[in-house]
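To start, the structure under review is shown below, and the notes come after it.
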Amino acid sequence: MQKNIQFKTISLHAILAAGFMVFCFAYFDAVAQETTDRLEKARDQTSTELEELQIQREASAKALERLKTKIATLKKDQDLLQVSLKEAEQKQTSLNARAQDSQERLAKLETDETAIKLSLRDRNDILSEVLAALQRLGSNPPPALLVKPEDALSSVRSAILLGAVVPEIRSETERLLTDLQKLAEIRVSIDGERIELAEALEQSIEEEKKLTRLIQEKAALNVASLQQLEKEKVRVDELKSKSKDLELLVASIDEEVLSIRKNAEEARIAEIARQKRVAENLEKARDLARENTKDDKQLAPSYAFSELRDTVPFPVDGILAASFGDDDGTGEPLQGIALAASEEAEVKAPIDGWVVYSGPFRSYGKMLIINAGEGYHLVMSGLGNLNVSQGQFIVKGEPIATMGPRKQQDNKTFALASGKPTLYIELRKDQKTIDSAPWWADITSGRVSNDT
């Protein structure tokens with residue numbers, strides 16, 4: 001029966017260690033998962049910002065293309081306007097040349113008119129005499145030749161004069177009339193042409209002004225479009241830079257997430273390896289226990305622990321400082337008892353059992369856990385030097401340790417003790433703490449001793 005109890009006993013140290021490792025692994029895994037979730041959330045947010053930037057980049061690129069098209073159109077319009085302006089200038093030059101020709105022709109006609117007027121003025125006396133003769137002839141018809149000789153002579157003279165002058169005057173007059181008529185027609189034509197030229201020149205000047213204004217407007221639009229184009233290029237470059245930064249950030253977050261997942265996986269693999277080592281150590285402990293059970297008289301408890309009520313002595317001489325359920329000094333009930341003893345006082349085994357843990361444990365100082373069989377474990381902490389090792393079978397009354405110094409005992413359970421070193425004892429049944437009072441031989445006197 002004792003052998004079966006021994007084989008079924010699990011090392012509390014291994015359980016605690018395994019539980020601690022599982023806790024650490026679970027904590028690390030939770031932290032890793034939290035960090036991963038936070039990074040993935042940041043990555044999703046960054047990806048959303050990147051998509052919005054991509055949309056803005058596409059819109060800016062389209063705006064850039066529209067501006068380039070607009071600038072090209074403006075350039076083409078400017079070129080066409082420049083051509084039209086040159087044509088208007090050429091037309092204005094041609095009109096000016098025509099006006100100059102008209103002015104020269106008019107000047108020539110005016111010169112001819114002046115010459116004609118001078119010729120007429122030079123022959124004014126003859127014309128006056130002829131006109132006077134004609135006037136006389138008109139008012140006094142020539143008399144008959146047989147009436148008076150003087151009148152006949154006068155008539156002859158007049159006839160001779162008229163015969164000599166009138167044909168020439170008629171010819172000159174006809175030529176003069178023709179020239180005057182031509183001069184009048186030319187003047188009318190020149191006046192019309194002047195009016196037409198003036199209107200054409202005015203239209204040409206207005207067209208030139210209009211073209212100049214359009215060219216200036218197109219140039220201003222072109223400058224504004226170029227400035228807007230430069231701004232849009234700068235904006236596109238900024239969006240590209242920002243997109244690149246966000247892409248790098250997303251890549252960095254992805255790398256960090258992969259790194260965290262890789263570390264978590266490595267930690268999980270390491271934890272599995274640690275658990276495997278713990279299992280191997282447990283198996284070695286079981287093998288050691290099997291080897292040590294060859295002598296049942298030495299390697300098995302003399303009595304079942306459940307039958308030892310009111311018979312178990314305290315491990316050390318000292319004073320009962322606190323009992324199970326007392327206030328531990330922090331407002332919590334005490335899960336064991338506390339014995340105040342002298343420094344380096346000898347601690348003896350109160351029962352038979354197997355040592356399942358021997359060594360330092362957190363802030364409890366050095367700890368010793370004894371397996372008493374039937375699922376009972378006695379936990380003692382606040383020890384100094386340990387004389388037993390894990391896996392060893394001890395018997396009741398065997399020196400197992402000494403009390404430790406006061407400075408090692410900084411756990412809250414020792415806040416109840418005096419300035420002396422304190423031995424803290426817990427009794428566990430199937431890994432649950434129970435009141436150990438029913439097993440102690442004398443717990444009511446206050447003064448305790450180990451008289452084994």
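Residue numbers start at 1 in each chain; chains themselves are named A, B, ... in the order of the structure tokens; ligands are numbered from 1 in the order shown.
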Per-residue DSSP, range 343-378 of chain A, filtered to strand (DSSP E), as a list of chain:residue names: A:Glu346, A:Val347, A:Lys348, A:Gly353, A:Trp354, A:Val355, A:Val356, A:Tyr357, A:Ser358, A:Gly359, A:Pro360, A:Lys366, A:Met367, A:Leu368, A:Ile369, A:Ile370, A:Asn371, A:Ala372, A:Gly373, A:Tyr376, A:His377, A:Leu378
Nearby residues (only C-alpha atoms) at most 10 Å from Lys432 in chain A, same-chain spacing under 6 positions excluded, as a ChimeraX atom specification: /A:375-377,426
Now that the selection is made, can you save its residues with C-alpha atoms as a PDB file, in the first residue's frame?
```pdb
ATOM      1  CA  GLY A 375      -2.369  12.981  -0.509  1.00  0.00           C
ATOM      2  CA  TYR A 376      -1.054  14.877   2.557  1.00  0.00           C
ATOM      3  CA  HIS A 377       1.855  17.314   2.190  1.00  0.00           C
ATOM      4  CA  GLU A 426       1.002  24.572   6.118  1.00  0.00           C
TER       5      GLU A 426
END
```
d(CA of Ile337 in chain A, CA of Pro360 in chain A) in Å: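 According to the coordinates, CA of Ile337 in chain A and CA of Pro360 in chain A are separated by 19.5 Å.
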Contacts of Lys75 in chain A at 8 Å (only C-alpha atoms; same-chain gap of 4+ positions) as a ChimeraX atom specification: /A:71,79,222
Residue with smallest distance to Ile253 in chain A - pool A:Ala270, A:Asp44, A:Glu34, A:Ile400, counting only C-alpha atoms: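 Smallest separation from Ile253 in chain A among the options: A:Asp44.
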Polymer residues at most 10 Å from Glu346 in chain A, only C-alpha atoms, same-chain spacing of 5 or more positions, as number ranges by chain: A: 315-317, 341, 383-385, 399-403, 450
Output C-alpha atoms for every residue in that selection, as an mmCIF file, in the first residue's frame.
```
data_model
loop_
_atom_site.group_PDB
_atom_site.id
_atom_site.type_symbol
_atom_site.label_atom_id
_atom_site.label_comp_id
_atom_site.auth_asym_id
_atom_site.auth_seq_id
_atom_site.Cartn_x
_atom_site.Cartn_y
_atom_site.Cartn_z
ATOM 1 C CA PRO A 315 9.376 20.534 14.192
ATOM 2 C CA VAL A 316 11.194 23.116 16.374
ATOM 3 C CA ASP A 317 11.269 24.401 19.946
ATOM 4 C CA ALA A 341 12.183 30.068 17.372
ATOM 5 C CA LEU A 383 14.446 27.646 7.029
ATOM 6 C CA GLY A 384 18.177 28.222 6.962
ATOM 7 C CA ASN A 385 20.491 25.349 6.090
ATOM 8 C CA PRO A 399 17.290 16.586 11.745
ATOM 9 C CA ILE A 400 16.330 18.110 8.445
ATOM 10 C CA ALA A 401 17.285 21.813 8.685
ATOM 11 C CA THR A 402 18.062 24.813 10.885
ATOM 12 C CA MET A 403 16.120 28.029 11.390
ATOM 13 C CA ASN A 450 9.931 18.709 19.621
#
```
Residue with smallest distance to Leu320 in chain A - pool A:Ala300, A:Val356, A:Leu339, A:Ile394, counting only C-alpha atoms: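 Between A:Ala300, A:Val356, A:Leu339, A:Ile394, the residue approaching Leu320 in chain A most closely is A:Leu339.
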Straight-line distance linking CA of Arg309 in chain A with CA of Pro421 in chain A, stated in Å to one decimal: 27.0 Å
Residue with smallest distance to Met380 in chain A - pool A:Gly329, A:Pro167, A:Gly365, A:Gly397, counting only C-alpha atoms: A:Gly365
Near-Phe314 in chain A list (12 Å; only C-alpha atoms; drop same-chain fewer than 2 positions) as a ChimeraX atom specification: /A:310-312,316-320,337-341,346-351,378,380,396-397,423-425,436-437,439-443,446-452
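The protein and nucleic acid residues lying at most 8 Å from Leu229 in chain A are Leu64, Leu67, Lys68, Ser225 and Lys233 of chain A, with only C-alpha atoms considered and sequence neighbours fewer than 4 positions away removed.
The smallest atom-to-atom distance between Gly353 in chain A and any of A:Phe305, A:Ala200, A:Asp191, A:Glu266, using only C-alpha atoms, is found for A:Phe305.
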